[in-house]
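To start, the structure itself, in structure tokens.
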Number of protein chains: 2
Amino acid sequence: MTRGEIPVISSVGTGSSGNRRPRLADVAAAVGLHVSTISRVLNGDTSLSIRPETRDRILATARSQGYRPNAMARGLKHARTGALAMVVPLLRNPVWASIQRGALQAAVEGGQVVMILDEPQDDVRQPTDYQYLVEESRADGLLIATARRVGGERPRTPAVPHVYLNRRGPRPGHNVVMDEEKAMQLFVERLSELGHRRLGVVEGFKVIDTVHRRVAAVRGLCSAHGMSVAFEHAEDTEAGGYEATLRLLSRRDVPTALGVGNLSQVFGVMKALREAGASVPADMSLVSFDEDDCLGFLEVAVTSVSMPLEELGGAAVRALIDRVDGLSGKDVLLSEPMALVERESIAPPRLSRRLRH
Amino acid sequence: MTRGEIPVISSVGTGSSGNRRPRLADVAAAVGLHVSTISRVLNGDTSLSIRPETRDRILATARSQGYRPNAMARGLKHARTGALAMVVPLLRNPVWASIQRGALQAAVEGGQVVMILDEPQDDVRQPTDYQYLVEESRADGLLIATARRVGGERPRTPAVPHVYLNRRGPRPGHNVVMDEEKAMQLFVERLSELGHRRLGVVEGFKVIDTVHRRVAAVRGLCSAHGMSVAFEHAEDTEAGGYEATLRLLSRRDVPTALGVGNLSQVFGVMKALREAGASVPADMSLVSFDEDDCLGFLEVAVTSVSMPLEELGGAAVRALIDRVDGLSGKDVLLSEPMALVERESIAPPRLSRRLRH
DNA sequence: CTGTTAGCGCATTCAC
DNA sequence: GTGAATGCGCTAACAG
């Protein structure tokens with residue numbers, strides 16, 4: 001194995017000579033005090049009484065040497081890494097960017113770093129397959145954001161601190177999710193108001209937890225509002241949305257309004273409608289369950305439900321930090337901020353229009 | 001501070017009782033041998049002669065105890081963390097998903113983990129602002145993928161192992177980029193073939209390295225092919241693309257074909273063209289420099305240049321691992337695979353069409 | 001007010 | 001064939 005010796009161009013501020021990173025001992029030697037004193041001063045130990053000038057001298061030389069505490073040594077001592085691992089499905093869907101942003105932000109505030117791992121779509125693993133990261137002391141806990149529930153085997157709870165993010169795991173108290181029910185309510189009630197009676201929903205597969213919850217919510221809401229609803233499940237891709245829409249359009253009772261589970265599918269849905277000669281919103285109203293700026297720039301600007309994505313990421317990190325600290329957590333449900341972003345793609349259905357005129 | 005004691009539900013395979021993670025010492029105690037022997041066996045030390053049955057006994061008990069080497073302790077010993085830090089602009093642009101995927105894949109193969117950090121768009125930092133991660137021994141090296149070059153101050157090279165990814169840094173030998181020149185060649189030459197003589201390019205701002213290189217390449221190629229070209233720079237957003245297009249359309253010599261720097265801008269460009277009554281490709285040909293599946297599903301399927309994104313991520317990680325190992329690196333230029341994905345959005349310009357008929 | 005000591009978990013050099 | 005000793009860099013309990 002090669003020596004880890006890197007020829008470092010010593011930059012401004014690196015007072016000490018040599019190319020090794022300064023240790024506590026180097027600072028101690030320079031100041032002429034013991035390592036432990038330096039450690040306590042640098043960590044702001046309040047139970048330590050030290051004369052201000054010494055304190056300042058320590059702080060000054062530490063700074064001038066460019067001293068940085070070694071996270072591994074400190075971690076070894078504390079049995080804490082100061083890092084969290086986040087397992088995400090590396091989808092193209094931009095919602096993950098928002099979730100990651102919220103998570104990273106909260107991590108910084110909690111003094112943690114986040115390492116992100118992707119779960120290849122073609123190799124769905126058990127959440128327990130990632131606990132090695134904690135077992136190897138690479139991370140203190142797991143943020144599990146993989147969308148897909150593994151079918152077949154009974155899901156197992158990781159034996160390490162963890163939080164499920166945007167999906168629910170097998171045990172309560174570990175889940176941070178958004179209020180999909182409320183989101184569906186915004187969708188269904190608005191279309192009900194507009195006079196729609198037959199809804200269609202294009203979604204991913206039911207093994208995905210959010211899909212599961214949305215379907216249940218829409219079903220309940222529709223029956224409460226005297227509406228019928230047809231579901232079509234397909235891949236979270238443009239092609240998936242396209243095919244699902246074709247199936248919906250070939251039904252005897254074609255819906256007058258469509259809800260679409262994610263942004264990629266929206267593109268497929270719109271293509272299918274276009275080809276079928278169904279104009280939006282005259283022949284078909286359309287609502288995306290993913291909000292994205294690009295929706296406002298499409299041929300017909302698409303209405304969407306905006307979800308608290310950054311909040312989700314942030315809340316999950318905070319919940320995980322609590323668990324790592326040994327606190328027993330509660331499930332978190334995020335309802336705010338959530339809104340229907342109304343654009344051009346919804347309108348009363350043809351029939352009720354005619355009746356009005 | 002709370003104790004790090006987490007009530008662990010001991011799962012199958014965790015032979016040892018108690019809720020602490022097994023150390024080398026635990027395995028040693030169980031087998032009745034010394035820690036150092038266990039260490040050598042587990043690390044496959046070839047210079048060690050040991051009778052196979054003892055070896056097997058060690059391996060078996062280590063497995064049954066669920067032993068995992070502690071990355072911090074090992075790292076402390078080796079002065080290596082086994083982690084790389086990747087700083088990305090957390091843009092919505094899906095190209096980052098591909099780059100991340102390639103990087104994570106290569107990291108796994110190199111026995112490294114990657115932690116991803118985002119650079120907030122509203123707080124552009126120097127690349128040197130991230131070297132604290134290496135200085136604190138949280139990572140062995142830096143993958144710097146921030147798009148924006150900081151204006152004003154002279155850029156400084158981080159004093160730690162690092163690689164610039166999809167942009168060039170101040171020093172040679174640290175850069176892993178894609179062959180933007182070749183990409184531009186695919187664009188310009190195809191349109192030249194089709195008979196276009198006036199190109200327009202909508203791009204991000206020139207402080208972004210890729211933009212800089214693309215502009216230079218297109219300029220050269222156009223003059224070589226006797227074509228004129230107009231550039232418009234704007235934010236990497238839908239609104240940016242929209243406004244840039246309006247400016248291009250208001251010129252006296254409106255281009256007959258447009259190249260667009262990124263996916264978000266494409267949506268804005270298309271909206272502007274739609275509103276101006278310019279049909280694609282009849283009145284205006286269109287090429288995106290970001291490839292994405294959704295382009296094939298738009299009102300007019302958009303032609304694009306497909307770039308080696310995963311390869312970029314992978315190559316960057318490998319280059320960084322080399323640097324961490326003390327090897328002096330070379331700049332890497334990725335040219336393969338690269339292709340023009342032809343869809344419906346390009347055609348001969350109106351004028352040459354008329355001439356043909 | 002400051003120094004001493006011990007140990008976190010592991011790998012390695014030397015001794016037996 | 002195997003064990004003992006040492007130290008990576010840091011913190012914390014205990015002395016003085």
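Naming works like this for the structure tokens: A, B, ... for the chains as they're shown, residue 1 at the start of each chain, ligands 1 onward in shown order.
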Kindly provide, as a PyMOL selection string, the residues of chain B having any atom no farther than 8 Å from an atom of chain A, counting only C-alpha atoms.
chain B and resi 2-11+21+68-73+75-76+79-81+90-94+97+101+104+113-118+132+135-138+159-161+238+264+267-268+270-271+274+293-294+297-299+324-326
What lies within 9 Å of DT2 in chain D using only C-alpha atoms (C1' of nucleotides), ignoring chain neighbours under 2 positions off, as a compact mmCIF listing (two decimals) with C-alpha atoms (C1' of nucleotides), in the first residue's frame?
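The result, written out as around_0.txt:
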```
# COMPACT_ATOMS: atom_id res chain seq x y z
CA LEU B 33 -6.49 -16.40 21.01
CA HIS B 34 -4.81 -13.03 21.01
CA SER B 36 -3.37 -9.56 17.00
CA THR B 37 -3.83 -13.05 15.63
CA ILE B 50 -1.61 -20.52 10.90
C1' DC C 16 9.15 -16.11 21.91
```
Can you tell me which residues surround range 313-316 of chain B at a distance of at most 12 Å, considering only C-alpha atoms (C1' of nucleotides), apart from same-chain residues fewer than 5 positions away, and format the answer as a PDB file with C-alpha atoms, in the first residue's frame?
```pdb
ATOM      1  CA  LEU B  84     -14.529  10.913  -0.243  1.00  0.00           C
ATOM      2  CA  ALA B  85     -16.489  14.136  -0.111  1.00  0.00           C
ATOM      3  CA  MET B  86     -18.323  15.405  -3.155  1.00  0.00           C
ATOM      4  CA  VAL B  88     -22.267  19.485  -5.814  1.00  0.00           C
ATOM      5  CA  VAL B  95     -27.716  15.259 -14.967  1.00  0.00           C
ATOM      6  CA  TRP B  96     -26.410  15.338 -11.397  1.00  0.00           C
ATOM      7  CA  ALA B  97     -28.284  12.166 -10.625  1.00  0.00           C
ATOM      8  CA  SER B  98     -26.327  10.399 -13.361  1.00  0.00           C
ATOM      9  CA  ILE B  99     -23.036  11.872 -12.262  1.00  0.00           C
ATOM     10  CA  GLN B 100     -23.693  10.884  -8.666  1.00  0.00           C
ATOM     11  CA  ARG B 101     -24.625   7.404  -9.729  1.00  0.00           C
ATOM     12  CA  GLY B 102     -21.366   6.937 -11.606  1.00  0.00           C
ATOM     13  CA  ALA B 103     -19.392   8.341  -8.718  1.00  0.00           C
ATOM     14  CA  LEU B 104     -21.053   6.166  -6.099  1.00  0.00           C
ATOM     15  CA  GLN B 105     -20.571   3.092  -8.221  1.00  0.00           C
ATOM     16  CA  ALA B 106     -16.853   3.734  -8.656  1.00  0.00           C
ATOM     17  CA  ALA B 107     -16.522   4.500  -4.967  1.00  0.00           C
ATOM     18  CA  VAL B 108     -17.969   1.158  -4.003  1.00  0.00           C
ATOM     19  CA  GLU B 109     -15.533  -0.547  -6.344  1.00  0.00           C
ATOM     20  CA  GLY B 110     -12.684   1.376  -4.752  1.00  0.00           C
ATOM     21  CA  VAL B 114     -18.921   9.094  -0.704  1.00  0.00           C
ATOM     22  CA  GLY B 141     -10.189  13.856  -0.653  1.00  0.00           C
ATOM     23  CA  LEU B 142     -12.528  16.289  -2.327  1.00  0.00           C
ATOM     24  CA  LEU B 143     -14.599  15.957  -5.477  1.00  0.00           C
ATOM     25  CA  ILE B 144     -15.392  19.498  -6.417  1.00  0.00           C
ATOM     26  CA  ALA B 145     -18.308  19.785  -8.767  1.00  0.00           C
ATOM     27  CA  HIS B 162      -8.862  16.966  -4.762  1.00  0.00           C
ATOM     28  CA  VAL B 163     -10.281  16.668  -8.231  1.00  0.00           C
ATOM     29  CA  TYR B 164     -12.447  19.104 -10.126  1.00  0.00           C
ATOM     30  CA  LEU B 165     -15.366  17.393 -11.790  1.00  0.00           C
ATOM     31  CA  ASN B 166     -17.122  18.857 -14.833  1.00  0.00           C
ATOM     32  CA  ARG B 167     -15.179  22.049 -14.405  1.00  0.00           C
ATOM     33  CA  GLY B 173      -3.692  17.598 -13.459  1.00  0.00           C
ATOM     34  CA  HIS B 174      -6.741  17.900 -11.242  1.00  0.00           C
ATOM     35  CA  ASN B 175      -9.506  18.131 -13.785  1.00  0.00           C
ATOM     36  CA  VAL B 176     -11.973  15.547 -15.002  1.00  0.00           C
ATOM     37  CA  VAL B 177     -14.253  16.936 -17.654  1.00  0.00           C
ATOM     38  CA  MET B 178     -16.272  15.874 -20.647  1.00  0.00           C
ATOM     39  CA  MET B 307     -23.022  13.091 -22.668  1.00  0.00           C
ATOM     40  CA  PRO B 308     -20.988  10.548 -20.688  1.00  0.00           C
ATOM     41  CA  ILE B 321      -8.452   7.800  -5.293  1.00  0.00           C
ATOM     42  CA  ASP B 322      -5.200   7.909  -7.242  1.00  0.00           C
ATOM     43  CA  ARG B 323      -4.383  11.310  -5.832  1.00  0.00           C
ATOM     44  CA  GLY B 329      -2.738  12.663 -11.802  1.00  0.00           C
ATOM     45  CA  LYS B 330      -3.381  13.827 -15.311  1.00  0.00           C
ATOM     46  CA  ASP B 331      -6.331  15.789 -16.582  1.00  0.00           C
ATOM     47  CA  VAL B 332      -9.043  13.482 -17.869  1.00  0.00           C
ATOM     48  CA  LEU B 333     -11.182  14.238 -20.897  1.00  0.00           C
ATOM     49  CA  LEU B 334     -14.181  11.989 -21.470  1.00  0.00           C
ATOM     50  CA  SER B 335     -15.349  11.642 -25.063  1.00  0.00           C
ATOM     51  CA  GLU B 336     -17.224   8.368 -24.979  1.00  0.00           C
TER      52      GLU B 336
END
```
Please identify which residues in range 200-321 of chain B DSSP calls helix (DSSP H, G or I) from the backbone, and express them as a PyMOL selection string.
chain B and resi 209-224+238-249+263-275+293-297+309-321
For the residues selected in the previous step, produce a file with C-alpha atoms as an mmCIF file, in the first residue's frame.
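Output (selection_11.cif):
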```cif
data_model
loop_
_atom_site.group_PDB
_atom_site.id
_atom_site.type_symbol
_atom_site.label_atom_id
_atom_site.label_comp_id
_atom_site.auth_asym_id
_atom_site.auth_seq_id
_atom_site.Cartn_x
_atom_site.Cartn_y
_atom_site.Cartn_z
ATOM 1 C CA ASP B 209 -16.657 26.502 -16.948
ATOM 2 C CA THR B 210 -18.664 24.257 -19.277
ATOM 3 C CA VAL B 211 -20.429 27.280 -20.703
ATOM 4 C CA HIS B 212 -17.116 28.954 -21.322
ATOM 5 C CA ARG B 213 -15.752 25.972 -23.213
ATOM 6 C CA ARG B 214 -18.912 25.430 -25.210
ATOM 7 C CA VAL B 215 -19.023 29.019 -26.349
ATOM 8 C CA ALA B 216 -15.431 28.916 -27.500
ATOM 9 C CA ALA B 217 -16.009 25.649 -29.330
ATOM 10 C CA VAL B 218 -19.179 26.788 -31.072
ATOM 11 C CA ARG B 219 -17.545 30.021 -32.130
ATOM 12 C CA GLY B 220 -14.680 28.168 -33.737
ATOM 13 C CA LEU B 221 -16.864 25.575 -35.395
ATOM 14 C CA CYS B 222 -19.252 28.134 -36.813
ATOM 15 C CA SER B 223 -16.584 30.224 -38.363
ATOM 16 C CA ALA B 224 -15.035 27.064 -39.822
ATOM 17 C CA GLU B 238 -37.007 27.911 -17.202
ATOM 18 C CA ALA B 239 -37.401 31.661 -16.850
ATOM 19 C CA GLY B 240 -33.802 32.157 -17.926
ATOM 20 C CA GLY B 241 -34.339 30.163 -21.096
ATOM 21 C CA TYR B 242 -37.541 32.012 -21.804
ATOM 22 C CA GLU B 243 -36.013 35.442 -21.598
ATOM 23 C CA ALA B 244 -32.905 34.510 -23.515
ATOM 24 C CA THR B 245 -35.073 33.244 -26.345
ATOM 25 C CA LEU B 246 -37.105 36.423 -26.424
ATOM 26 C CA ARG B 247 -33.885 38.344 -26.861
ATOM 27 C CA LEU B 248 -32.757 36.062 -29.664
ATOM 28 C CA LEU B 249 -36.092 36.388 -31.437
ATOM 29 C CA LEU B 263 -32.920 21.014 -19.508
ATOM 30 C CA SER B 264 -34.586 23.681 -17.426
ATOM 31 C CA GLN B 265 -33.827 26.279 -20.030
ATOM 32 C CA VAL B 266 -35.297 24.041 -22.735
ATOM 33 C CA PHE B 267 -38.739 24.394 -21.182
ATOM 34 C CA GLY B 268 -38.439 28.151 -21.192
ATOM 35 C CA VAL B 269 -37.142 28.219 -24.742
ATOM 36 C CA MET B 270 -40.033 26.124 -25.970
ATOM 37 C CA LYS B 271 -42.550 28.327 -24.262
ATOM 38 C CA ALA B 272 -41.065 31.445 -25.832
ATOM 39 C CA LEU B 273 -41.076 29.860 -29.281
ATOM 40 C CA ARG B 274 -44.652 28.682 -28.829
ATOM 41 C CA GLU B 275 -45.813 32.146 -27.827
ATOM 42 C CA ASP B 293 -35.993 10.861 -21.380
ATOM 43 C CA CYS B 294 -38.638 13.513 -20.965
ATOM 44 C CA LEU B 295 -37.416 15.248 -24.123
ATOM 45 C CA GLY B 296 -38.891 12.436 -26.180
ATOM 46 C CA PHE B 297 -42.347 13.100 -24.771
ATOM 47 C CA LEU B 309 -22.289 11.570 -17.291
ATOM 48 C CA GLU B 310 -21.931 8.369 -15.333
ATOM 49 C CA GLU B 311 -18.479 7.931 -16.810
ATOM 50 C CA LEU B 312 -17.630 11.416 -15.618
ATOM 51 C CA GLY B 313 -18.619 10.624 -12.056
ATOM 52 C CA GLY B 314 -16.757 7.339 -12.133
ATOM 53 C CA ALA B 315 -13.598 8.734 -13.679
ATOM 54 C CA ALA B 316 -13.500 11.541 -11.155
ATOM 55 C CA VAL B 317 -13.681 9.159 -8.238
ATOM 56 C CA ARG B 318 -10.940 6.977 -9.664
ATOM 57 C CA ALA B 319 -8.756 9.994 -10.319
ATOM 58 C CA LEU B 320 -9.268 11.179 -6.778
ATOM 59 C CA ILE B 321 -8.452 7.800 -5.293
#
```
Which residues of chain D are close to chain A, meaning at most 7 Å apart when you count only C-alpha atoms (C1' of nucleotides), and how do they look as a PDB file with C-alpha atoms (C1' of nucleotides), in the first residue's frame?
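That gives us iface29.pdb:
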```pdb
ATOM      1  C1'  DG D   9      -5.156  11.595  18.227  1.00  0.00           C
ATOM      2  C1'  DC D  10      -8.174  12.669  21.333  1.00  0.00           C
ATOM      3  C1'  DT D  11     -10.957  13.226  25.876  1.00  0.00           C
TER       4       DT D  11
END
```
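In this model, the gap between CA of Ala29 in chain B and CA of Arg55 in chain B comes to 14.8 Å.
Taking CA of Ala257 in chain A and CA of Met227 in chain A as the two end points, the separation is 11.3 Å.
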With a cut-off of 7 Å and counting only C-alpha atoms (C1' of nucleotides), select all residues of chain C in contact with chain B and give the selection as a ChimeraX atom specification.
/C:9-11
Residue subset to file, keeping N, CA and C atoms (P, O5', C5', C4', C3', O3' and C1' of nucleotides), as a PDB file, in the first residue's frame:
```pdb
ATOM      1  P    DG C   9     -14.156   0.094  22.081  1.00  0.00           P
ATOM      2  O5'  DG C   9     -13.335  -0.323  20.781  1.00  0.00           O
ATOM      3  C5'  DG C   9     -13.741   0.170  19.517  1.00  0.00           C
ATOM      4  C4'  DG C   9     -12.668  -0.166  18.510  1.00  0.00           C
ATOM      5  C3'  DG C   9     -12.333  -1.660  18.410  1.00  0.00           C
ATOM      6  O3'  DG C   9     -12.514  -2.038  17.065  1.00  0.00           O
ATOM      7  C1'  DG C   9     -10.361  -0.358  18.600  1.00  0.00           C
ATOM      8  P    DC C  10     -12.069  -3.416  16.493  1.00  0.00           P
ATOM      9  O5'  DC C  10     -10.653  -3.049  15.899  1.00  0.00           O
ATOM     10  C5'  DC C  10     -10.603  -2.189  14.770  1.00  0.00           C
ATOM     11  C4'  DC C  10      -9.171  -1.802  14.506  1.00  0.00           C
ATOM     12  C3'  DC C  10      -8.306  -2.927  13.972  1.00  0.00           C
ATOM     13  O3'  DC C  10      -8.106  -2.693  12.584  1.00  0.00           O
ATOM     14  C1'  DC C  10      -7.187  -1.588  15.599  1.00  0.00           C
ATOM     15  P    DA C  11      -7.384  -3.774  11.691  1.00  0.00           P
ATOM     16  O5'  DA C  11      -5.845  -3.376  11.810  1.00  0.00           O
ATOM     17  C5'  DA C  11      -5.409  -2.242  11.104  1.00  0.00           C
ATOM     18  C4'  DA C  11      -3.927  -2.031  11.335  1.00  0.00           C
ATOM     19  C3'  DA C  11      -3.017  -3.104  10.750  1.00  0.00           C
ATOM     20  O3'  DA C  11      -1.867  -2.419  10.288  1.00  0.00           O
ATOM     21  C1'  DA C  11      -2.620  -2.938  13.044  1.00  0.00           C
TER      22       DA C  11
END
```
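Secondary structure from DSSP on the backbone puts strand (DSSP E) at the following positions of range 15-153 of chain B: Ala83, Leu84, Ala85, Met86, Val87, Val88, Pro89, Val113, Val114, Met115, Ile116, Leu117, Asp118, Glu119, Gly141, Leu142, Leu143 and Ile144 of chain B.
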Could the residues in this selection be written to a file with N, CA and C atoms, as a PDB file, in the first residue's frame?
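This went into selection.pdb:
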```
ATOM      1  N   ALA B  83     -13.246   7.566   2.963  1.00  0.00           N
ATOM      2  CA  ALA B  83     -14.407   8.310   2.480  1.00  0.00           C
ATOM      3  C   ALA B  83     -13.953   9.457   1.586  1.00  0.00           C
ATOM      4  N   LEU B  84     -14.787   9.778   0.631  1.00  0.00           N
ATOM      5  CA  LEU B  84     -14.529  10.913  -0.243  1.00  0.00           C
ATOM      6  C   LEU B  84     -15.700  11.879  -0.111  1.00  0.00           C
ATOM      7  N   ALA B  85     -15.420  13.151  -0.209  1.00  0.00           N
ATOM      8  CA  ALA B  85     -16.489  14.136  -0.111  1.00  0.00           C
ATOM      9  C   ALA B  85     -16.723  14.759  -1.477  1.00  0.00           C
ATOM     10  N   MET B  86     -17.979  14.856  -1.848  1.00  0.00           N
ATOM     11  CA  MET B  86     -18.323  15.405  -3.155  1.00  0.00           C
ATOM     12  C   MET B  86     -19.190  16.644  -2.963  1.00  0.00           C
ATOM     13  N   VAL B  87     -18.709  17.757  -3.452  1.00  0.00           N
ATOM     14  CA  VAL B  87     -19.455  19.010  -3.325  1.00  0.00           C
ATOM     15  C   VAL B  87     -20.184  19.281  -4.627  1.00  0.00           C
ATOM     16  N   VAL B  88     -21.496  19.259  -4.595  1.00  0.00           N
ATOM     17  CA  VAL B  88     -22.267  19.485  -5.814  1.00  0.00           C
ATOM     18  C   VAL B  88     -23.207  20.660  -5.632  1.00  0.00           C
ATOM     19  N   PRO B  89     -23.492  21.348  -6.730  1.00  0.00           N
ATOM     20  CA  PRO B  89     -24.564  22.320  -6.689  1.00  0.00           C
ATOM     21  C   PRO B  89     -25.848  21.510  -6.741  1.00  0.00           C
ATOM     22  N   VAL B 113     -16.512   5.224   0.636  1.00  0.00           N
ATOM     23  CA  VAL B 113     -17.867   5.750   0.667  1.00  0.00           C
ATOM     24  C   VAL B 113     -17.789   7.217   0.263  1.00  0.00           C
ATOM     25  N   VAL B 114     -18.892   7.709  -0.262  1.00  0.00           N
ATOM     26  CA  VAL B 114     -18.921   9.094  -0.704  1.00  0.00           C
ATOM     27  C   VAL B 114     -19.914   9.864   0.142  1.00  0.00           C
ATOM     28  N   MET B 115     -19.508  10.995   0.660  1.00  0.00           N
ATOM     29  CA  MET B 115     -20.512  11.832   1.278  1.00  0.00           C
ATOM     30  C   MET B 115     -20.724  13.043   0.401  1.00  0.00           C
ATOM     31  N   ILE B 116     -21.981  13.359   0.218  1.00  0.00           N
ATOM     32  CA  ILE B 116     -22.334  14.411  -0.707  1.00  0.00           C
ATOM     33  C   ILE B 116     -22.721  15.657   0.062  1.00  0.00           C
ATOM     34  N   LEU B 117     -22.197  16.770  -0.360  1.00  0.00           N
ATOM     35  CA  LEU B 117     -22.497  18.046   0.278  1.00  0.00           C
ATOM     36  C   LEU B 117     -23.030  18.966  -0.793  1.00  0.00           C
ATOM     37  N   ASP B 118     -24.014  19.735  -0.446  1.00  0.00           N
ATOM     38  CA  ASP B 118     -24.501  20.638  -1.464  1.00  0.00           C
ATOM     39  C   ASP B 118     -23.959  22.027  -1.230  1.00  0.00           C
ATOM     40  N   GLU B 119     -23.830  22.725  -2.320  1.00  0.00           N
ATOM     41  CA  GLU B 119     -23.453  24.122  -2.218  1.00  0.00           C
ATOM     42  C   GLU B 119     -24.696  24.947  -2.480  1.00  0.00           C
ATOM     43  N   GLY B 141     -10.356  12.956   0.474  1.00  0.00           N
ATOM     44  CA  GLY B 141     -10.189  13.856  -0.653  1.00  0.00           C
ATOM     45  C   GLY B 141     -11.497  14.500  -1.051  1.00  0.00           C
ATOM     46  N   LEU B 142     -11.387  15.466  -1.943  1.00  0.00           N
ATOM     47  CA  LEU B 142     -12.528  16.289  -2.327  1.00  0.00           C
ATOM     48  C   LEU B 142     -12.846  16.143  -3.806  1.00  0.00           C
ATOM     49  N   LEU B 143     -14.118  15.889  -4.099  1.00  0.00           N
ATOM     50  CA  LEU B 143     -14.599  15.957  -5.477  1.00  0.00           C
ATOM     51  C   LEU B 143     -15.342  17.270  -5.612  1.00  0.00           C
ATOM     52  N   ILE B 144     -14.795  18.175  -6.355  1.00  0.00           N
ATOM     53  CA  ILE B 144     -15.392  19.498  -6.417  1.00  0.00           C
ATOM     54  C   ILE B 144     -16.168  19.665  -7.715  1.00  0.00           C
TER      55      ILE B 144
END
```
Pick out the residues sitting within 10 Å of DA15 in chain C, and hand them over as a PyMOL selection string; count only C-alpha atoms (C1' of nucleotides), and ignore anything fewer than 2 positions along from it in its own chain.
(chain C and resi 13) or (chain D and resi 3-5)
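Here CA of Ser304 in chain A stands at a distance of 27.4 Å from CA of Phe289 in chain B.
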